[in-house]
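Trainee: Got start39.txt for you, compact mmCIF, C-alpha atoms (C1' of nucleotides):
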# COMPACT_ATOMS: atom_id res chain seq x y z
CA MET F 297 8.34 4.89 -17.34
CA SER F 298 9.78 6.74 -14.33
CA ASP F 299 9.97 5.33 -10.81
CA VAL F 300 7.36 7.72 -9.44
CA GLU F 301 5.05 6.88 -12.30
CA ALA F 302 5.44 3.14 -11.76
CA ASP F 303 4.89 3.63 -8.01
CA LEU F 304 1.58 5.35 -8.69
CA VAL F 305 0.40 2.96 -11.39
CA PHE F 306 1.17 -0.30 -9.60
CA HIS F 307 -0.15 0.99 -6.32
CA ALA F 308 -3.35 1.98 -8.11
CA LEU F 309 -3.63 -1.50 -9.60
CA ALA F 310 -3.03 -3.18 -6.25
CA ASP F 311 -6.64 -2.90 -5.09
CA ARG F 312 -9.41 -5.06 -6.45
CA THR F 313 -12.09 -2.38 -6.26
CA ARG F 314 -9.89 -0.12 -8.35
CA ARG F 315 -9.16 -2.90 -10.83
CA ASP F 316 -12.89 -3.49 -11.06
CA ILE F 317 -13.46 0.20 -11.78
CA MET F 318 -10.77 -0.04 -14.45
CA GLY F 319 -12.76 -2.78 -16.12
CA LYS F 320 -15.95 -0.72 -16.19
CA VAL F 321 -14.53 2.61 -17.31
CA GLY F 322 -12.48 0.90 -19.97
CA GLU F 323 -15.58 -0.30 -21.75
CA ARG F 324 -17.37 3.03 -21.54
CA GLU F 325 -17.34 6.20 -19.46
CA HIS F 326 -19.15 6.20 -16.13
CA SER F 327 -20.08 9.06 -13.81
CA ILE F 328 -18.70 8.77 -10.29
CA SER F 329 -22.21 8.41 -8.85
CA SER F 330 -23.12 5.64 -11.26
CA LEU F 331 -19.92 3.85 -10.25
CA ALA F 332 -20.60 4.41 -6.56
CA ARG F 333 -24.06 2.84 -6.89
CA GLN F 334 -22.40 -0.39 -8.03
CA TYR F 335 -20.38 -0.95 -4.84
CA GLU F 336 -21.24 -1.51 -1.20
CA ILE F 337 -18.83 1.12 0.03
CA SER F 338 -19.65 4.82 0.43
CA PHE F 339 -19.67 7.39 -2.35
CA ALA F 340 -16.63 9.11 -0.84
CA ALA F 341 -14.70 5.85 -0.84
CA VAL F 342 -15.36 5.31 -4.55
CA GLN F 343 -14.45 8.92 -5.19
CA LYS F 344 -11.11 8.32 -3.48
CA HIS F 345 -10.47 5.22 -5.56
CA VAL F 346 -11.12 7.18 -8.73
CA ALA F 347 -8.75 9.88 -7.47
CA VAL F 348 -6.00 7.27 -6.99
CA LEU F 349 -6.55 5.98 -10.52
CA GLU F 350 -6.52 9.53 -11.83
CA ARG F 351 -3.26 10.46 -10.06
CA ALA F 352 -1.74 7.41 -11.75
CA SER F 353 -3.09 8.64 -15.13
CA LEU F 354 -4.93 5.37 -15.54
CA VAL F 355 -8.23 7.21 -15.97
CA THR F 356 -9.29 10.70 -16.98
CA LYS F 357 -12.31 12.76 -16.05
CA ARG F 358 -14.32 15.03 -18.32
CA VAL F 359 -17.28 17.20 -17.39
CA ARG F 360 -20.80 16.59 -18.68
CA GLY F 361 -23.22 18.95 -17.00
CA ARG F 362 -23.18 18.41 -13.29
CA GLU F 363 -21.43 15.08 -13.49
CA LYS F 364 -17.90 14.00 -14.36
CA LEU F 365 -17.41 11.07 -16.66
CA VAL F 366 -14.53 8.75 -15.87
CA GLY F 367 -12.87 6.98 -18.77
CA GLY F 368 -9.81 4.72 -19.11
CA ASN F 369 -6.46 5.98 -20.38
CA ALA F 370 -5.13 3.13 -22.51
CA GLU F 371 -1.76 4.81 -23.01
CA THR F 372 -0.69 4.52 -19.35
CA LEU F 373 -1.85 0.94 -19.27
CA ARG F 374 0.31 0.21 -22.29
CA ARG F 375 3.37 1.76 -20.63
CA ALA F 376 2.88 -0.38 -17.51
CA SER F 377 2.45 -3.45 -19.65
CA ARG F 378 5.70 -2.61 -21.43
CA LEU F 379 7.60 -2.36 -18.15
CA LEU F 380 6.50 -5.87 -17.14
CA ALA F 381 7.34 -7.15 -20.60
CA ARG F 382 10.88 -5.76 -20.25
CA TYR F 383 11.43 -7.64 -16.98
CA GLU F 384 10.02 -10.74 -18.58
CA GLN F 385 12.44 -10.60 -21.48
CA VAL F 386 15.52 -10.20 -19.31
CA TRP F 387 14.33 -12.96 -17.01
CA ARG F 388 13.96 -15.48 -19.81
CA HIS F 389 17.72 -15.37 -20.39
CA ARG F 390 18.33 -16.73 -16.91
CA ASP F 391 16.13 -19.77 -17.39
CA ASP F 392 18.58 -22.19 -18.96
CA ALA F 393 20.94 -24.49 -17.10
CA ILE F 394 24.10 -22.87 -18.45
CA THR F 395 23.49 -19.51 -16.79
CA ARG F 396 22.67 -21.32 -13.56
CA LEU F 397 26.12 -22.92 -13.61
CA LEU F 398 27.72 -19.58 -14.37
CA ASN F 399 25.83 -18.10 -11.44
CA GLU F 400 27.35 -20.62 -9.06
CA ARG F 401 30.83 -19.57 -10.11
CA ASP F 402 29.98 -15.85 -9.98
CA GLU F 403 28.38 -16.13 -6.55
CA ARG F 404 31.45 -17.82 -5.13
CA THR F 405 33.82 -15.15 -6.40
CA GLU F 406 31.43 -12.33 -5.56
CA SER F 407 32.29 -9.29 -3.42
CA MET K 288 -5.15 -14.70 -12.27
CA SER K 289 -7.27 -14.48 -9.09
CA ASP K 290 -8.05 -11.26 -7.22
CA VAL K 291 -5.90 -12.19 -4.23
CA GLU K 292 -3.03 -13.09 -6.52
CA ALA K 293 -3.28 -9.78 -8.38
CA ASP K 294 -3.49 -7.91 -5.07
CA LEU K 295 -0.23 -9.49 -3.94
CA VAL K 296 1.59 -9.10 -7.24
CA PHE K 297 0.69 -5.47 -7.93
CA HIS K 298 1.28 -4.48 -4.34
CA ALA K 299 4.70 -6.12 -4.54
CA LEU K 300 5.47 -4.21 -7.72
CA ALA K 301 4.35 -0.90 -6.21
CA ASP K 302 7.66 -0.22 -4.42
CA ARG K 303 10.78 0.91 -6.25
CA THR K 304 13.18 -0.97 -3.99
CA ARG K 305 11.28 -4.17 -4.70
CA ARG K 306 11.22 -3.46 -8.43
CA ASP K 307 14.97 -2.88 -8.25
CA ILE K 308 15.42 -6.23 -6.51
CA MET K 309 13.31 -7.78 -9.27
CA GLY K 310 15.76 -6.45 -11.81
CA LYS K 311 18.75 -7.93 -10.02
CA VAL K 312 17.38 -11.36 -9.19
CA GLY K 313 15.99 -11.71 -12.69
CA GLU K 314 19.45 -11.62 -14.21
CA ARG K 315 20.95 -14.05 -11.72
CA GLU K 316 20.31 -15.36 -8.23
CA HIS K 317 21.45 -13.28 -5.26
CA SER K 318 21.72 -14.13 -1.58
CA ILE K 319 19.72 -11.90 0.73
CA SER K 320 22.91 -10.55 2.31
CA SER K 321 24.44 -9.68 -1.03
CA LEU K 322 21.22 -7.86 -1.91
CA ALA K 323 21.16 -6.08 1.45
CA ARG K 324 24.70 -4.79 0.92
CA GLN K 325 23.50 -2.97 -2.20
CA TYR K 326 20.95 -0.78 -0.41
CA GLU K 327 21.13 1.88 2.27
CA ILE K 328 18.36 0.32 4.33
CA SER K 329 18.87 -2.37 6.97
CA PHE K 330 19.25 -6.09 6.31
CA ALA K 331 15.87 -6.76 7.94
CA ALA K 332 14.18 -4.24 5.64
CA VAL K 333 15.58 -5.94 2.55
CA GLN K 334 14.58 -9.29 4.00
CA LYS K 335 11.01 -8.00 4.33
CA HIS K 336 10.98 -6.77 0.75
CA VAL K 337 12.09 -10.18 -0.45
CA ALA K 338 9.35 -11.75 1.68
CA VAL K 339 6.74 -9.54 0.00
CA LEU K 340 8.02 -10.57 -3.44
CA GLU K 341 8.02 -14.20 -2.35
CA ARG K 342 4.43 -14.10 -1.04
CA ALA K 343 3.47 -12.75 -4.47
CA SER K 344 5.35 -15.65 -6.11
CA LEU K 345 7.45 -13.16 -8.03
CA VAL K 346 10.64 -14.67 -6.65
CA THR K 347 11.65 -18.02 -5.17
CA LYS K 348 14.31 -18.94 -2.64
CA ARG K 349 16.58 -21.97 -2.68
CA VAL K 350 19.15 -22.98 -0.11
CA ARG K 351 22.88 -23.05 -0.80
CA GLY K 352 24.77 -23.79 2.37
CA ARG K 353 24.10 -21.15 4.96
CA GLU K 354 22.61 -18.71 2.49
CA LYS K 355 19.38 -18.55 0.50
CA LEU K 356 19.54 -17.61 -3.13
CA VAL K 357 16.71 -15.47 -4.45
CA GLY K 358 15.74 -15.86 -8.08
CA GLY K 359 12.95 -14.43 -10.27
CA ASN K 360 9.84 -16.42 -11.16
CA ALA K 361 9.12 -15.49 -14.77
CA GLU K 362 5.80 -17.35 -14.81
CA THR K 363 4.07 -15.02 -12.33
CA LEU K 364 5.42 -12.03 -14.17
CA ARG K 365 3.92 -13.39 -17.38
CA ARG K 366 0.51 -13.83 -15.74
CA ALA K 367 0.53 -10.23 -14.49
CA SER K 368 1.56 -9.02 -17.90
CA ARG K 369 -1.35 -10.94 -19.41
CA LEU K 370 -3.84 -9.31 -17.05
CA LEU K 371 -2.74 -5.85 -18.15
CA ALA K 372 -2.83 -6.92 -21.78
CA ARG K 373 -6.46 -8.06 -21.33
CA TYR K 374 -7.48 -4.63 -20.02
CA GLU K 375 -5.61 -3.04 -22.85
CA GLN K 376 -7.44 -5.02 -25.48
CA VAL K 377 -10.90 -4.26 -24.14
CA TRP K 378 -9.99 -0.61 -23.78
CA ARG K 379 -8.95 -0.24 -27.40
CA HIS K 380 -12.53 -0.89 -28.49
CA ARG K 381 -13.67 2.24 -26.70
CA ASP K 382 -11.24 4.52 -28.48
CA ASP K 383 -13.19 5.38 -31.62
CA ALA K 384 -15.73 8.16 -32.01
CA ILE K 385 -18.65 5.84 -32.70
CA THR K 386 -18.58 4.17 -29.29
CA ARG K 387 -18.29 7.59 -27.70
CA LEU K 388 -21.58 8.58 -29.33
CA LEU K 389 -23.17 5.33 -28.23
CA ASN K 390 -21.97 6.05 -24.70
CA GLU K 391 -23.80 9.35 -24.61
CA ARG K 392 -27.06 7.60 -25.45
CA ASP K 393 -26.41 4.76 -22.97
CA GLU K 394 -25.53 7.13 -20.16
CA ARG K 395 -28.76 9.06 -20.63
CA THR K 396 -30.92 5.93 -20.48
CA GLU K 397 -28.85 4.36 -17.71
CA SER K 398 -30.20 2.92 -14.44
C1' DC Q 278 35.77 -25.90 18.36
C1' DT Q 279 34.91 -21.40 17.89
C1' DA Q 280 34.12 -17.23 15.75
C1' DA Q 281 32.09 -15.04 11.93
C1' DC Q 282 28.28 -15.03 8.84
C1' DC Q 283 23.56 -15.60 7.15
C1' DT Q 284 18.77 -15.89 7.93
C1' DA Q 285 14.43 -15.51 10.66
C1' DC Q 286 11.43 -13.19 13.45
C1' DA Q 287 9.53 -10.25 17.19
C1' DA Q 288 8.59 -5.66 18.98
C1' DC Q 289 8.23 -1.17 18.10
C1' DC Q 290 7.34 3.45 15.48
C1' DA Q 291 5.80 6.95 12.03
C1' DA Q 292 3.42 7.45 7.91
C1' DA Q 293 0.17 5.98 4.46
C1' DT Q 294 -4.14 3.45 3.26
C1' DG Q 295 -9.02 2.40 2.90
C1' DG Q 296 -12.83 3.25 5.08
C1' DT Q 297 -16.38 6.36 7.49
C1' DT Q 298 -19.44 10.77 8.27
C1' DG Q 299 -20.30 15.54 7.63
C1' DT Q 300 -20.20 19.95 5.21
C1' DA Q 301 -20.14 22.92 1.23
C1' DA Q 302 -20.80 24.22 -3.45
C1' DG Q 303 -22.19 23.78 -8.40
C1' DT Q 304 -25.72 22.18 -11.80
C1' DG Q 305 -30.15 20.75 -13.78
C1' DA Q 306 -35.01 19.26 -13.75
C1' DG Q 307 -39.56 20.64 -12.94
C1' DC M 144 -36.88 29.45 -8.03
C1' DT M 145 -36.21 25.66 -5.59
C1' DC M 146 -35.04 21.10 -4.53
C1' DA M 147 -32.68 17.04 -5.61
C1' DC M 148 -28.35 15.38 -7.56
C1' DT M 149 -23.43 15.24 -8.14
C1' DT M 150 -18.96 16.25 -6.83
C1' DA M 151 -15.22 17.86 -3.59
C1' DC M 152 -12.96 17.83 0.52
C1' DA M 153 -12.00 17.80 5.56
C1' DA M 154 -11.73 15.24 9.84
C1' DC M 155 -11.49 11.12 11.93
C1' DC M 156 -10.44 5.97 12.81
C1' DA M 157 -8.40 1.20 12.39
C1' DT M 158 -5.14 -1.34 9.83
C1' DT M 159 -1.19 -1.91 6.97
C1' DT M 160 3.29 -0.54 5.48
C1' DG M 161 8.17 0.32 5.41
C1' DG M 162 11.45 1.18 8.39
C1' DT M 163 14.21 0.37 12.77
C1' DT M 164 16.77 -2.52 16.58
C1' DG M 165 17.42 -6.66 19.05
C1' DT M 166 17.55 -11.64 19.79
C1' DA M 167 18.14 -16.34 18.44
C1' DG M 168 19.39 -20.37 15.53
C1' DG M 169 22.05 -22.61 11.68
C1' DT M 170 26.08 -23.22 8.83
C1' DT M 171 30.75 -22.78 7.43
C1' DA M 172 35.52 -21.29 7.38
C1' DG M 173 39.75 -21.52 9.75
For this file, produce the structure as structure tokens.

Mentor:
Amino acid sequence: MSDVEADLVFHALADRTRRDIMGKVGEREHSISSLARQYEISFAAVQKHVAVLERASLVTKRVRGREKLVGGNAETLRRASRLLARYEQVWRHRDDAITRLLNERDERTES
Amino acid sequence: MSDVEADLVFHALADRTRRDIMGKVGEREHSISSLARQYEISFAAVQKHVAVLERASLVTKRVRGREKLVGGNAETLRRASRLLARYEQVWRHRDDAITRLLNERDERTES
DNA sequence: CTAACCTACAACCAAATGGTTGTAAGTGAG
DNA sequence: CTCACTTACAACCATTTGGTTGTAGGTTAG
């Protein structure tokens, strides 16, 4: 997952309204209007949130008549999940006392 | 993971400099100065990035003499990873043709 | 002791964000 | 055909963000 991609995805996830939308469109597709009706904010605001999710490839839109149905893109979600998992794995290595001691030595001789 | 928590964590992850810092401090602890020396931006800017990561509980600081060592907090990372995994699981259900057909019916009778 | 180093924090700035309202255009129901 | 519905997008506003410089306080090395 590229830096730009991660920027877009994590920024998209960093808003609770957008995460909420993610939850809904993951279960089944929703038109933008039907989504907008479920929030206090304006239609345009919801539309913008969907656009942010779409730029991040977290959702996709398809046309049905005069409306557009928004659905979740599980693939992107999986890639983001993988990125976090990679950090997690590396980090586990650091968690024992031995590496901590090594760190002390390394820090002292650093730069 | 609460909404506020997720807001902080995903916002913290949505910047490539901060993700880069995550990579470094996950392997071993780094002082803020030693981190700052590794980027083009000012010391204060790096300090702010670390503060954002700290507010999100993605890293912790401990004192060693006149410096503060920044280290990764694997626990928070795990919780974020879990949240994404939960979305992922729900989303998988939607991916077969049958649910798509059901959606069409549901959408038509909706609201 | 003193000078160098490390951290903290305030004040400031330009750009991006999340929200609003308003306008325009396509589609479908009746 | 016409009117209501759905989407798109521009313009605007307040707040936040990521960056800067400057100042001040602690700690340690020599």

Trainee: Both chains have the same sequence, so match all Cα atoms in order, fit chain K onto chain F by least squares, and return it as a short mmCIF file (atom, residue, chain, number, x, y, z; two decimals) with C-alpha atoms, keeping the file's coordinate frame.

Mentor:
data_model
loop_
_atom_site.label_atom_id
_atom_site.label_comp_id
_atom_site.auth_asym_id
_atom_site.auth_seq_id
_atom_site.Cartn_x
_atom_site.Cartn_y
_atom_site.Cartn_z
CA MET K 288 8.34 4.86 -17.30
CA SER K 289 9.79 6.70 -14.27
CA ASP K 290 9.97 5.27 -10.75
CA VAL K 291 7.36 7.66 -9.38
CA GLU K 292 5.05 6.84 -12.26
CA ALA K 293 5.43 3.10 -11.71
CA ASP K 294 4.87 3.57 -7.97
CA LEU K 295 1.57 5.31 -8.66
CA VAL K 296 0.40 2.93 -11.36
CA PHE K 297 1.17 -0.34 -9.57
CA HIS K 298 -0.17 0.96 -6.29
CA ALA K 299 -3.37 1.94 -8.08
CA LEU K 300 -3.64 -1.53 -9.59
CA ALA K 301 -3.05 -3.22 -6.23
CA ASP K 302 -6.68 -2.91 -5.07
CA ARG K 303 -9.46 -5.09 -6.43
CA THR K 304 -12.12 -2.39 -6.25
CA ARG K 305 -9.91 -0.13 -8.33
CA ARG K 306 -9.18 -2.90 -10.81
CA ASP K 307 -12.92 -3.50 -11.06
CA ILE K 308 -13.48 0.20 -11.77
CA MET K 309 -10.78 -0.06 -14.44
CA GLY K 310 -12.77 -2.79 -16.11
CA LYS K 311 -15.95 -0.73 -16.17
CA VAL K 312 -14.54 2.60 -17.28
CA GLY K 313 -12.48 0.90 -19.96
CA GLU K 314 -15.58 -0.29 -21.76
CA ARG K 315 -17.37 3.04 -21.55
CA GLU K 316 -17.32 6.20 -19.47
CA HIS K 317 -19.15 6.22 -16.14
CA SER K 318 -20.07 9.07 -13.82
CA ILE K 319 -18.70 8.78 -10.30
CA SER K 320 -22.22 8.43 -8.89
CA SER K 321 -23.13 5.66 -11.28
CA LEU K 322 -19.93 3.87 -10.26
CA ALA K 323 -20.64 4.44 -6.57
CA ARG K 324 -24.09 2.87 -6.91
CA GLN K 325 -22.43 -0.36 -8.03
CA TYR K 326 -20.43 -0.90 -4.84
CA GLU K 327 -21.29 -1.46 -1.21
CA ILE K 328 -18.88 1.19 0.02
CA SER K 329 -19.70 4.88 0.39
CA PHE K 330 -19.70 7.45 -2.41
CA ALA K 331 -16.66 9.16 -0.87
CA ALA K 332 -14.73 5.88 -0.85
CA VAL K 333 -15.39 5.33 -4.54
CA GLN K 334 -14.47 8.94 -5.20
CA LYS K 335 -11.13 8.32 -3.49
CA HIS K 336 -10.49 5.21 -5.55
CA VAL K 337 -11.12 7.17 -8.73
CA ALA K 338 -8.74 9.86 -7.46
CA VAL K 339 -6.01 7.25 -6.96
CA LEU K 340 -6.53 5.96 -10.50
CA GLU K 341 -6.50 9.52 -11.80
CA ARG K 342 -3.24 10.44 -10.02
CA ALA K 343 -1.73 7.38 -11.72
CA SER K 344 -3.07 8.62 -15.08
CA LEU K 345 -4.92 5.35 -15.52
CA VAL K 346 -8.21 7.19 -15.95
CA THR K 347 -9.26 10.69 -16.98
CA LYS K 348 -12.29 12.76 -16.06
CA ARG K 349 -14.30 15.03 -18.33
CA VAL K 350 -17.24 17.21 -17.41
CA ARG K 351 -20.76 16.62 -18.72
CA GLY K 352 -23.17 18.98 -17.04
CA ARG K 353 -23.19 18.44 -13.33
CA GLU K 354 -21.42 15.11 -13.52
CA LYS K 355 -17.88 14.00 -14.36
CA LEU K 356 -17.40 11.08 -16.67
CA VAL K 357 -14.52 8.76 -15.88
CA GLY K 358 -12.85 6.98 -18.76
CA GLY K 359 -9.79 4.70 -19.09
CA ASN K 360 -6.44 5.97 -20.36
CA ALA K 361 -5.10 3.12 -22.49
CA GLU K 362 -1.72 4.80 -22.98
CA THR K 363 -0.66 4.51 -19.33
CA LEU K 364 -1.82 0.93 -19.25
CA ARG K 365 0.35 0.21 -22.28
CA ARG K 366 3.40 1.75 -20.60
CA ALA K 367 2.90 -0.40 -17.49
CA SER K 368 2.47 -3.46 -19.64
CA ARG K 369 5.74 -2.63 -21.39
CA LEU K 370 7.61 -2.39 -18.10
CA LEU K 371 6.52 -5.89 -17.12
CA ALA K 372 7.38 -7.17 -20.58
CA ARG K 373 10.92 -5.77 -20.20
CA TYR K 374 11.44 -7.68 -16.94
CA GLU K 375 10.05 -10.75 -18.57
CA GLN K 376 12.48 -10.61 -21.45
CA VAL K 377 15.55 -10.21 -19.28
CA TRP K 378 14.35 -12.98 -17.01
CA ARG K 379 14.01 -15.49 -19.83
CA HIS K 380 17.76 -15.39 -20.37
CA ARG K 381 18.33 -16.77 -16.89
CA ASP K 382 16.14 -19.81 -17.40
CA ASP K 383 18.59 -22.24 -18.97
CA ALA K 384 20.97 -24.55 -17.14
CA ILE K 385 24.12 -22.91 -18.49
CA THR K 386 23.50 -19.55 -16.82
CA ARG K 387 22.69 -21.37 -13.61
CA LEU K 388 26.16 -22.93 -13.66
CA LEU K 389 27.72 -19.57 -14.42
CA ASN K 390 25.81 -18.13 -11.46
CA GLU K 391 27.37 -20.61 -9.08
CA ARG K 392 30.84 -19.50 -10.14
CA ASP K 393 29.91 -15.79 -10.01
CA GLU K 394 28.35 -16.08 -6.58
CA ARG K 395 31.48 -17.71 -5.18
CA THR K 396 33.77 -14.98 -6.50
CA GLU K 397 31.32 -12.20 -5.66
CA SER K 398 32.11 -9.02 -3.70
#

Trainee: Report as a Markdown table: every residue of chain M with an atom at most 9 Å from chain F, its closest pair of atoms, and their distance in Å to one decimal, counting all atoms listed in the file, with rows sorted by chain and ascending residue number.

Mentor:
| residue | atom | partner | partner_atom | distance |
| --- | --- | --- | --- | --- |
| M:DC148 | C1' | F:Arg362 | CA | 8.3 |
| M:DT149 | C1' | F:Glu363 | CA | 5.7 |
| M:DT150 | C1' | F:Glu363 | CA | 7.2 |

Trainee: Report as a PyMOL selection string the set of chain Q residues whose atoms approach chain K to within 12 Å, with distances computed over all atoms listed in the file.

Mentor: chain Q and resi 282-287

Trainee: Would you give me, as a ChimeraX atom specification, the residues of chain K that come within 8 Å of chain F, using only C-alpha atoms?

Mentor: /K:290,293-298,300-303,309-310,313-317,359,361,364-365,367-368,371-372,374-375,377-381,386-387,390,394

Trainee: For Lys335 of chain K, find every residue with an atom within 10 Å (counting all atoms listed in the file), except residues of its own chain fewer than 6 positions away, and show them as a PDB file with C-alpha atoms (C1' of nucleotides), in the coordinates of the input.

Mentor:
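Done, and the output landed in part00.pdb:
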ATOM      1  CA  ARG K 305      11.280  -4.170  -4.700  1.00  0.00           C
ATOM      2  CA  GLU K 341       8.020 -14.200  -2.350  1.00  0.00           C
TER       3      GLU K 341
ATOM      4  C1'  DG M 161       8.170   0.320   5.410  1.00  0.00           C
TER       5       DG M 161
END

Trainee: When you look at DT297 of chain Q with a cut-off of 9 Å (counting all atoms listed in the file), what residues show up, excluding the ones that are within fewer than 6 positions of it in the same chain? I need them as a ChimeraX atom specification.

Mentor: /F:338,340-341 /M:155-156

Trainee: What's the separation between atom C1' of DA281 of chain Q and atom CA of Val337 of chain K, in Å to one decimal place?

Mentor: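 Going from atom C1' of DA281 of chain Q over to atom CA of Val337 of chain K, I get 24.0 Å.
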